[in-house]
$ cat final_26.txt   # compact mmCIF, C-alpha atoms
# COMPACT_ATOMS: atom_id res chain seq x y z
CA MET A 1441 -21.57 -3.47 16.39
CA ASP A 1442 -20.66 -6.62 18.26
CA SER A 1443 -17.64 -6.27 20.49
CA ALA A 1444 -17.01 -9.40 22.52
CA LEU A 1445 -14.65 -12.35 22.29
CA SER A 1446 -16.32 -15.72 22.79
CA ASP A 1447 -14.78 -19.13 23.33
CA PRO A 1448 -16.88 -22.29 23.38
CA HIS A 1449 -14.07 -24.84 23.69
CA ASN A 1450 -15.42 -26.26 26.96
CA GLY A 1451 -17.80 -28.48 24.97
CA SER A 1452 -20.99 -26.48 25.37
CA ALA A 1453 -23.04 -25.00 22.55
CA GLU A 1454 -21.98 -21.43 23.42
CA ALA A 1455 -20.46 -20.65 20.04
CA GLY A 1456 -20.42 -17.96 17.45
CA GLY A 1457 -21.61 -20.39 14.80
CA PRO A 1458 -24.73 -22.53 14.50
CA THR A 1459 -26.04 -23.79 17.83
CA ASN A 1460 -27.87 -27.01 18.57
CA SER A 1461 -28.89 -29.14 21.48
CA THR A 1462 -26.06 -31.63 21.12
CA THR A 1463 -22.92 -31.25 23.18
CA ARG A 1464 -19.79 -30.75 21.15
CA PRO A 1465 -16.63 -32.67 22.03
CA PRO A 1466 -13.86 -30.60 23.62
CA SER A 1467 -11.39 -29.08 21.17
CA THR A 1468 -7.75 -30.13 21.17
CA PRO A 1469 -5.04 -27.75 22.44
CA GLU A 1470 -3.70 -27.51 18.90
CA GLY A 1471 -7.13 -26.57 17.53
CA ILE A 1472 -7.63 -23.95 20.23
CA ALA A 1473 -4.19 -22.43 19.56
CA LEU A 1474 -4.89 -22.37 15.81
CA ALA A 1475 -8.25 -20.63 16.36
CA TYR A 1476 -6.78 -18.02 18.71
CA GLY A 1477 -3.84 -17.31 16.42
CA SER A 1478 -6.08 -17.02 13.38
CA LEU A 1479 -8.46 -14.60 15.10
CA LEU A 1480 -5.49 -12.47 16.17
CA LEU A 1481 -4.07 -12.44 12.63
CA MET A 1482 -7.48 -11.64 11.10
CA ALA A 1483 -7.85 -8.72 13.51
CA LEU A 1484 -4.40 -7.30 12.70
CA LEU A 1485 -4.66 -7.41 8.90
CA PRO A 1486 -7.55 -4.91 8.42
CA ILE A 1487 -6.08 -2.58 11.05
CA PHE A 1488 -2.64 -2.48 9.42
CA PHE A 1489 -3.74 -2.18 5.80
CA GLY A 1490 -6.78 -0.06 6.66
CA ALA A 1491 -4.54 2.44 8.46
CA LEU A 1492 -2.22 2.66 5.44
CA ARG A 1493 -5.16 3.14 3.10
CA SER A 1494 -6.63 5.81 5.42
CA VAL A 1495 -3.59 7.98 4.69
CA ARG A 1496 -4.21 7.80 0.93
CA CYS A 1497 -7.93 8.29 1.56
CA ALA A 1498 -7.27 11.50 3.53
CA ARG A 1499 -5.13 12.84 0.68
CA GLY A 1500 -7.45 11.70 -2.10
CA LYS A 1501 -9.76 13.95 -4.07
CA ASN A 1502 -12.22 11.33 -5.33
CA ALA A 1503 -15.66 12.11 -3.91
CA SER A 1504 -16.56 8.42 -3.80
CA ASP A 1505 -13.66 7.69 -1.40
CA MET A 1506 -14.09 10.66 0.94
CA PRO A 1507 -13.70 9.64 4.60
CA GLU A 1508 -16.42 10.19 7.18
CA THR A 1509 -15.02 12.29 10.03
CA ILE A 1510 -16.12 11.52 13.60
CA THR A 1511 -16.30 14.57 15.86
CA SER A 1512 -16.33 14.67 19.67
CA ARG A 1513 -20.11 15.07 19.60
CA ASP A 1514 -20.47 11.99 17.40
CA ALA A 1515 -18.12 10.06 19.68
CA ALA A 1516 -20.13 10.97 22.79
CA ARG A 1517 -23.40 9.87 21.17
CA PHE A 1518 -22.05 6.67 19.62
CA PRO A 1519 -22.19 4.45 22.75
CA ILE A 1520 -25.78 5.56 23.40
CA ILE A 1521 -26.83 4.81 19.82
CA ALA A 1522 -24.97 1.49 19.89
CA SER A 1523 -26.63 0.52 23.19
CA CYS A 1524 -30.11 1.32 21.87
CA THR A 1525 -29.45 -0.60 18.65
CA LEU A 1526 -28.10 -3.61 20.53
CA LEU A 1527 -31.02 -3.61 22.97
CA GLY A 1528 -33.47 -3.30 20.07
CA LEU A 1529 -31.94 -6.29 18.29
CA TYR A 1530 -31.94 -8.26 21.54
CA LEU A 1531 -35.66 -7.60 22.08
CA PHE A 1532 -36.42 -8.37 18.43
CA PHE A 1533 -34.79 -11.78 18.73
CA LYS A 1534 -36.67 -12.44 21.97
CA ILE A 1535 -40.08 -11.45 20.58
CA PHE A 1536 -40.06 -12.29 16.87
CA SER A 1537 -38.97 -15.33 14.90
CA GLN A 1538 -35.22 -15.41 14.25
CA GLU A 1539 -35.80 -16.97 10.83
CA TYR A 1540 -37.54 -13.93 9.30
CA ILE A 1541 -35.27 -11.38 10.96
CA ASN A 1542 -32.15 -13.19 9.77
CA LEU A 1543 -33.59 -13.48 6.25
CA LEU A 1544 -33.97 -9.69 6.03
CA LEU A 1545 -30.55 -9.10 7.58
CA SER A 1546 -28.94 -11.62 5.23
CA MET A 1547 -30.22 -9.74 2.18
CA TYR A 1548 -29.09 -6.41 3.65
CA PHE A 1549 -25.58 -7.63 4.45
CA PHE A 1550 -25.44 -9.50 1.14
CA VAL A 1551 -25.55 -6.16 -0.71
CA LEU A 1552 -23.30 -4.33 1.76
CA GLY A 1553 -20.80 -7.19 1.81
CA ILE A 1554 -20.46 -7.27 -1.97
CA LEU A 1555 -19.82 -3.52 -2.11
CA ALA A 1556 -17.34 -3.62 0.79
CA LEU A 1557 -15.43 -6.62 -0.59
CA SER A 1558 -15.31 -5.06 -4.05
CA HIS A 1559 -13.86 -1.83 -2.62
CA THR A 1560 -11.34 -3.86 -0.60
CA ILE A 1561 -9.94 -6.03 -3.41
CA SER A 1562 -10.02 -3.34 -6.12
CA PRO A 1563 -6.49 -1.94 -5.46
CA PHE A 1564 -5.01 -5.46 -5.42
CA MET A 1565 -6.88 -6.63 -8.51
CA ASN A 1566 -5.76 -3.60 -10.54
CA LYS A 1567 -2.22 -5.00 -10.53
CA PHE A 1568 -3.35 -8.14 -12.38
CA PHE A 1569 -5.13 -6.41 -15.25
CA PRO A 1570 -3.01 -6.22 -18.43
CA ALA A 1571 -2.20 -2.83 -19.93
CA SER A 1572 -4.36 -3.68 -22.95
CA PHE A 1573 -7.47 -4.20 -20.80
CA PRO A 1574 -10.30 -2.01 -22.15
CA ASN A 1575 -11.02 0.14 -19.11
CA ARG A 1576 -13.87 2.65 -19.33
CA GLN A 1577 -14.85 5.29 -16.79
CA TYR A 1578 -18.37 5.55 -15.36
CA GLN A 1579 -20.10 7.88 -12.95
CA LEU A 1580 -23.22 7.27 -10.89
CA LEU A 1581 -24.74 10.65 -10.05
CA PHE A 1582 -27.96 11.40 -8.18
CA THR A 1583 -28.93 15.02 -7.61
CA GLN A 1584 -31.78 16.82 -5.92
CA GLY A 1585 -33.29 20.10 -7.10
CA SER A 1586 -32.36 22.08 -10.19
CA GLY A 1587 -30.31 25.09 -11.24
CA GLU A 1588 -28.41 26.78 -8.42
CA ASN A 1589 -30.30 24.72 -5.84
CA LYS A 1590 -29.06 21.43 -7.27
CA GLU A 1591 -27.56 19.25 -4.53
CA GLU A 1592 -25.57 16.02 -4.97
CA ILE A 1593 -26.99 12.99 -3.18
CA ILE A 1594 -24.70 10.32 -4.63
CA ASN A 1595 -21.60 10.90 -6.74
CA TYR A 1596 -19.74 7.65 -7.30
CA GLU A 1597 -17.02 7.20 -9.92
CA PHE A 1598 -15.97 3.73 -11.07
CA ASP A 1599 -14.54 1.90 -14.09
CA THR A 1600 -14.65 -1.45 -15.84
CA LYS A 1601 -12.07 -2.92 -13.45
CA ASP A 1602 -14.34 -2.06 -10.53
CA LEU A 1603 -17.19 -3.89 -12.26
CA VAL A 1604 -15.01 -7.00 -12.57
CA CYS A 1605 -14.23 -6.78 -8.84
CA LEU A 1606 -17.94 -6.37 -8.16
CA GLY A 1607 -18.65 -9.55 -10.14
CA LEU A 1608 -16.03 -11.55 -8.20
CA SER A 1609 -17.40 -10.22 -4.91
CA SER A 1610 -20.91 -11.25 -5.96
CA ILE A 1611 -19.74 -14.87 -6.18
CA VAL A 1612 -18.65 -14.69 -2.53
CA GLY A 1613 -21.97 -13.00 -1.71
CA VAL A 1614 -24.02 -15.82 -3.25
CA TRP A 1615 -21.85 -18.38 -1.45
CA TYR A 1616 -22.50 -16.63 1.86
CA LEU A 1617 -26.22 -16.23 1.20
CA LEU A 1618 -26.72 -19.91 0.32
CA ARG A 1619 -24.32 -21.62 2.74
CA LYS A 1620 -23.50 -19.10 5.49
CA HIS A 1621 -20.03 -20.65 5.39
CA TRP A 1622 -17.56 -19.32 7.95
CA ILE A 1623 -14.94 -18.50 5.27
CA ALA A 1624 -17.43 -16.34 3.33
CA ASN A 1625 -18.46 -14.75 6.64
CA ASN A 1626 -14.83 -13.87 7.37
CA LEU A 1627 -14.22 -12.46 3.88
CA PHE A 1628 -17.13 -10.06 4.39
CA GLY A 1629 -16.10 -9.35 7.99
CA LEU A 1630 -12.53 -8.50 6.96
CA ALA A 1631 -13.85 -6.27 4.18
CA PHE A 1632 -16.17 -4.41 6.59
CA SER A 1633 -13.32 -3.98 9.07
CA LEU A 1634 -10.81 -2.70 6.52
CA ASN A 1635 -13.33 -0.27 5.01
CA GLY A 1636 -14.25 0.96 8.48
CA VAL A 1637 -10.63 1.68 9.44
CA GLU A 1638 -9.98 3.30 6.07
CA LEU A 1639 -13.07 5.48 5.74
CA LEU A 1640 -13.95 6.39 9.36
CA HIS A 1641 -11.61 9.14 10.56
CA LEU A 1642 -11.37 10.62 14.05
CA ASN A 1643 -10.80 14.38 13.92
CA ASN A 1644 -8.38 14.39 16.89
CA VAL A 1645 -6.94 12.26 19.68
CA SER A 1646 -9.35 13.64 22.29
CA THR A 1647 -12.30 12.44 20.19
CA GLY A 1648 -10.66 9.03 20.00
CA CYS A 1649 -10.32 8.92 23.79
CA ILE A 1650 -13.99 9.88 24.20
CA LEU A 1651 -15.11 7.20 21.74
CA LEU A 1652 -12.92 4.46 23.20
CA GLY A 1653 -13.78 5.45 26.77
CA GLY A 1654 -17.53 5.42 26.08
CA LEU A 1655 -17.40 2.06 24.33
CA PHE A 1656 -15.19 0.72 27.13
CA ILE A 1657 -18.12 1.21 29.54
CA TYR A 1658 -20.62 -0.04 26.94
CA ASP A 1659 -18.58 -3.20 26.35
CA VAL A 1660 -18.08 -4.03 30.02
CA PHE A 1661 -21.76 -3.82 30.96
CA GLY A 1662 -23.24 -5.22 27.75
CA THR A 1663 -21.15 -8.35 27.18
CA ASN A 1664 -23.89 -10.91 27.88
CA VAL A 1665 -26.37 -9.11 25.63
CA MET A 1666 -23.75 -8.80 22.87
CA VAL A 1667 -22.89 -12.49 22.97
CA THR A 1668 -26.61 -13.40 22.83
CA VAL A 1669 -27.18 -11.13 19.81
CA ALA A 1670 -24.00 -12.31 18.07
CA LYS A 1671 -25.02 -15.96 18.39
CA SER A 1672 -28.53 -15.23 17.08
CA PHE A 1673 -27.43 -12.75 14.43
CA GLU A 1674 -26.68 -14.54 11.14
CA ALA A 1675 -24.65 -11.71 9.63
CA PRO A 1676 -20.93 -11.05 9.07
CA ILE A 1677 -20.61 -8.80 12.13
CA LYS A 1678 -17.98 -11.06 13.68
CA LEU A 1679 -14.84 -12.94 12.72
CA VAL A 1680 -15.04 -16.65 13.47
CA PHE A 1681 -12.63 -19.55 13.37
CA PRO A 1682 -13.38 -23.21 14.16
CA GLN A 1683 -11.51 -24.82 17.02
CA ASP A 1684 -12.23 -28.28 15.58
CA LEU A 1685 -10.80 -27.48 12.13
CA LEU A 1686 -8.08 -30.13 12.50
CA GLU A 1687 -10.69 -32.79 13.24
CA LYS A 1688 -13.53 -31.83 10.87
CA GLY A 1689 -11.85 -29.74 8.17
CA LEU A 1690 -13.81 -26.98 6.46
CA GLU A 1691 -17.10 -28.36 7.80
CA ALA A 1692 -16.04 -27.64 11.41
CA ASN A 1693 -18.65 -25.85 13.55
CA ASN A 1694 -17.19 -25.24 17.02
CA PHE A 1695 -16.35 -21.55 16.64
CA ALA A 1696 -14.48 -18.96 18.63
CA MET A 1697 -15.55 -15.46 17.58
CA LEU A 1698 -14.35 -11.88 17.70
CA GLY A 1699 -16.76 -8.98 17.19
CA LEU A 1700 -15.90 -6.46 14.45
CA GLY A 1701 -16.21 -3.68 17.03
CA ASP A 1702 -13.03 -4.99 18.66
CA VAL A 1703 -11.25 -4.46 15.34
CA VAL A 1704 -12.74 -1.28 13.88
CA ILE A 1705 -12.99 0.90 17.01
CA PRO A 1706 -9.33 0.53 18.11
CA GLY A 1707 -8.36 0.41 14.42
CA ILE A 1708 -9.60 3.92 13.60
CA PHE A 1709 -7.67 5.24 16.63
CA ILE A 1710 -4.49 3.47 15.48
CA ALA A 1711 -5.01 4.86 11.96
CA LEU A 1712 -5.32 8.38 13.42
CA LEU A 1713 -1.97 7.94 15.18
CA LEU A 1714 -0.39 6.88 11.87
CA ARG A 1715 -1.63 10.10 10.25
CA PHE A 1716 -0.33 12.02 13.29
CA ASP A 1717 3.07 10.36 12.81
CA ILE A 1718 3.13 11.51 9.20
CA SER A 1719 2.13 15.06 10.21
CA LEU A 1720 5.23 15.27 12.44
CA LYS A 1721 7.39 14.81 9.30
CA LYS A 1722 10.08 12.90 11.20
CA ASN A 1723 10.06 9.87 8.87
CA THR A 1724 9.15 7.63 11.82
CA HIS A 1725 5.93 5.86 12.71
CA THR A 1726 6.55 5.61 16.45
CA TYR A 1727 2.98 6.13 17.62
CA PHE A 1728 1.52 3.84 14.98
CA TYR A 1729 3.84 0.96 15.86
CA THR A 1730 3.36 1.59 19.59
CA SER A 1731 -0.44 1.50 19.34
CA PHE A 1732 -0.29 -1.51 17.00
CA ALA A 1733 1.86 -3.38 19.53
CA ALA A 1734 -0.53 -2.26 22.28
CA TYR A 1735 -3.43 -3.77 20.33
CA ILE A 1736 -1.59 -7.09 20.04
CA PHE A 1737 -0.88 -7.00 23.77
CA GLY A 1738 -4.49 -6.13 24.66
CA LEU A 1739 -6.08 -8.77 22.43
CA GLY A 1740 -3.55 -11.37 23.55
CA LEU A 1741 -4.41 -10.59 27.17
CA THR A 1742 -8.13 -10.91 26.34
CA ILE A 1743 -7.58 -14.35 24.84
CA PHE A 1744 -5.48 -15.44 27.81
CA ILE A 1745 -8.09 -14.32 30.38
CA MET A 1746 -10.89 -15.93 28.36
CA HIS A 1747 -8.96 -19.19 28.15
CA ILE A 1748 -8.31 -19.21 31.89
CA PHE A 1749 -11.87 -18.41 33.00
CA LYS A 1750 -13.67 -20.23 30.14
CA HIS A 1751 -16.05 -17.29 29.63
CA ALA A 1752 -16.67 -14.66 26.95
CA GLN A 1753 -14.70 -11.47 27.62
CA PRO A 1754 -15.37 -7.79 26.77
CA ALA A 1755 -12.27 -7.29 24.63
CA LEU A 1756 -12.39 -3.48 24.84
CA LEU A 1757 -11.86 -3.83 28.60
CA TYR A 1758 -8.26 -4.75 27.78
CA LEU A 1759 -7.82 -3.05 24.40
CA VAL A 1760 -8.85 0.49 25.39
CA PRO A 1761 -6.33 1.01 28.24
CA ALA A 1762 -3.56 -0.51 26.12
CA CYS A 1763 -4.29 1.43 22.90
CA ILE A 1764 -4.61 4.76 24.72
CA GLY A 1765 -2.10 4.23 27.52
CA PHE A 1766 0.91 3.03 25.52
CA PRO A 1767 0.98 5.93 22.98
CA VAL A 1768 0.37 8.52 25.73
CA LEU A 1769 3.29 7.12 27.76
CA VAL A 1770 5.51 7.34 24.67
CA ALA A 1771 4.34 10.93 24.08
CA LEU A 1772 5.17 11.78 27.72
CA ALA A 1773 8.64 10.27 27.32
CA LYS A 1774 9.24 12.23 24.09
CA GLY A 1775 7.65 15.46 25.33
CA GLU A 1776 5.06 15.46 22.54
CA VAL A 1777 1.81 15.26 24.53
CA THR A 1778 0.81 18.79 23.50
CA GLU A 1779 1.45 18.06 19.83
CA MET A 1780 -0.51 14.81 20.06
CA PHE A 1781 -3.63 16.34 21.59
CA SER A 1782 -3.52 19.49 19.46
CA TYR A 1783 -3.37 17.53 16.19
CA GLU A 1784 -6.59 18.17 14.27
CA GLU A 1785 -8.04 16.81 11.04
CA SER A 1786 -10.69 18.74 9.13
CA ASN A 1787 -13.75 17.12 7.63
CA PRO A 1788 -13.30 17.06 3.83
CA LYS A 1789 -17.11 16.99 3.45
CA ASP A 1790 -17.52 20.13 5.55
CA PRO A 1791 -18.15 23.16 3.28
CA ALA A 1792 -16.32 25.41 5.75
CA ALA A 1793 -13.26 23.19 5.62
CA VAL A 1794 -13.36 23.11 1.85
CA THR A 1795 -13.65 26.90 1.75
CA GLU A 1796 -10.69 27.30 4.11
CA SER A 1797 -8.68 24.88 2.00
CA LYS A 1798 -9.46 26.82 -1.17
CA GLU A 1799 -8.61 30.12 0.52
CA GLY A 1800 -5.33 28.66 1.76
CA THR A 1801 -4.48 27.40 -1.71
CA GLU A 1802 -5.33 30.77 -3.28
CA ALA A 1803 -3.27 32.59 -0.66
CA SER A 1804 -0.28 30.32 -1.31
CA ALA A 1805 -0.63 30.84 -5.06
CA SER A 1806 -0.80 34.64 -4.69
CA LYS A 1807 2.30 34.66 -2.48
CA GLY A 1808 4.12 32.59 -5.07
CA LEU A 1809 3.20 35.08 -7.82
CA GLU A 1810 4.35 38.01 -5.69
CA LYS A 1811 7.74 36.37 -5.14
CA LYS A 1812 8.11 35.75 -8.88
CA GLU A 1813 7.25 39.38 -9.66
CA LYS A 1814 9.87 40.62 -7.17

$ encode --input "final_26.txt" --output "structure tokens"
Amino acid sequence: MDSALSDPHNGSAEAGGPTNSTTRPPSTPEGIALAYGSLLLMALLPIFFGALRSVRCARGKNASDMPETITSRDAARFPIIASCTLLGLYLFFKIFSQEYINLLLSMYFFVLGILALSHTISPFMNKFFPASFPNRQYQLLFTQGSGENKEEIINYEFDTKDLVCLGLSSIVGVWYLLRKHWIANNLFGLAFSLNGVELLHLNNVSTGCILLGGLFIYDVFGTNVMVTVAKSFEAPIKLVFPQDLLEKGLEANNFAMLGLGDVVIPGIFIALLLRFDISLKKNTHTYFYTSFAAYIFGLGLTIFIMHIFKHAQPALLYLVPACIGFPVLVALAKGEVTEMFSYEESNPKDPAAVTESKEGTEASASKGLEKKEK
């Protein structure tokens, strides 16, 4: 997952969009400010709404919306896997033709983007359907084996409204596939980011620190490779905004870019702190707002440093210390460090967790019956 912030406003062809041999004219201060502000806003939206939706996702019982829980072991392996993947893509682009690789990747992300965008807009679109809309329920079920050995592979529940959302998302998908327009790219990128923050759950704060710490090192030492891959990679793995929009309109092509890794990775940590806030039952979201403000500070500092030095920056270099440091300082001030690091979320897909949950529910029910009998 790309995780670097790039700024080509010095007139070179070092951009997140299409590159060519011609030198682009320098962007105006107004265009640069608009691009920076738009990237910041686009980064904040999926984090904020994804974190809110992660709370409902954690409480939900629909198998199709079950979150994927990241453990400390997963977090420790993630930077290694990401490094190998990034290096593999880098070598692929150096050895093989970019045209064929990007064709395959475009088809892959075309399907993924449609599904992600459909899942993203579904809750908003449901408000616009009239009460008389004929909504039917469907279930896509794939199983393996038979009898007692039958095992579910895919169990996805959807309805007619979801199919309408899928159709609308397909229009964006075709637009992206044919034109590779930056707006279509951003719609898919925002959808990927929001789904990532919503559906990827850290099991505790320590795991989040391991993940962010590992990717901090990965981001610092792999920036040049990431920028090279991001510029060659024609896929919605980055948010882009043209710095020459005021001059060229929607056909602008001098892009500043922000990798989705700089949104999703801190975002899942911020979402965890929101769920921790709710677990405290104090009707305050102190840690969520603190980490959210820390993200704004960190990304703003990244943009400032990049603007000063005119060079792509590893955004996690600034985001990780801010997103971890600010909430920990608040916890120290409030005397809640122990509570923060002892907070644990179980994996809803783990059979052991499900068994414990059922046992807890049965125990609570039996205690309630005993009280009634007395």

$ residues_around --input "final_26.txt" --residues "range 1637-1641 of chain A" --least-positions-apart "6" --cutoff "8 Å" --atoms "all atoms listed in the file" --output "MDAnalysis selection string"
chainID A and resid 1486:1487 1490:1494 1497 1505:1510 1704:1705 1707:1708 1711:1712

$ residues_near_point --input "final_26.txt" --point "(-7.5, -27.6, 13.2)" --cutoff "10 Å" --atoms "all atoms listed in the file" --output "PyMOL selection string"
chain A and resi 1467-1475+1681-1690+1692

$ residues_around --input "final_26.txt" --residues "Lys1678 in chain A" --least-positions-apart "2" --cutoff "6 Å" --atoms "only C-alpha atoms" --output "list in words"
Pro1676, Leu1698, Gly1699 and Leu1700 of chain A

$ atom_distance --input "final_26.txt" --atom1 "CA of Ala1755 in chain A" --atom2 "CA of Ile1541 in chain A"
27.1 Å

$ closest_residue --input "final_26.txt" --among "A:Glu1674, A:Asp1702, A:Glu1784, A:Glu1591" --to "Met1482 in chain A" --atoms "all atoms listed in the file"
A:Asp1702

$ closest_residue --input "final_26.txt" --among "A:Phe1695, A:Tyr1758, A:Gly1587, A:Leu1617" --to "Leu1543 in chain A" --atoms "all atoms listed in the file"
A:Leu1617

$ atom_distance --input "final_26.txt" --atom1 "CA of Leu1479 in chain A" --atom2 "CA of Trp1622 in chain A"
12.5 Å

$ residues_around --input "final_26.txt" --residues "Gly1553 in chain A" --least-positions-apart "6" --cutoff "8 Å" --atoms "only C-alpha atoms" --output "ChimeraX atom specification"
/A:1613,1628,1631-1632

$ write_last_selection --input "final_26.txt" --atoms "C-alpha atoms" --output "PDB file, in the frame of the given file"
ATOM      1  CA  GLY A1613     -21.970 -13.000  -1.710  1.00  0.00           C
ATOM      2  CA  PHE A1628     -17.130 -10.060   4.390  1.00  0.00           C
ATOM      3  CA  ALA A1631     -13.850  -6.270   4.180  1.00  0.00           C
ATOM      4  CA  PHE A1632     -16.170  -4.410   6.590  1.00  0.00           C
TER       5      PHE A1632
END

$ closest_residue --input "final_26.txt" --among "A:Ile1561, A:Leu1580, A:Leu1772, A:Val1614" --to "Asp1602 in chain A" --atoms "only C-alpha atoms"
A:Ile1561
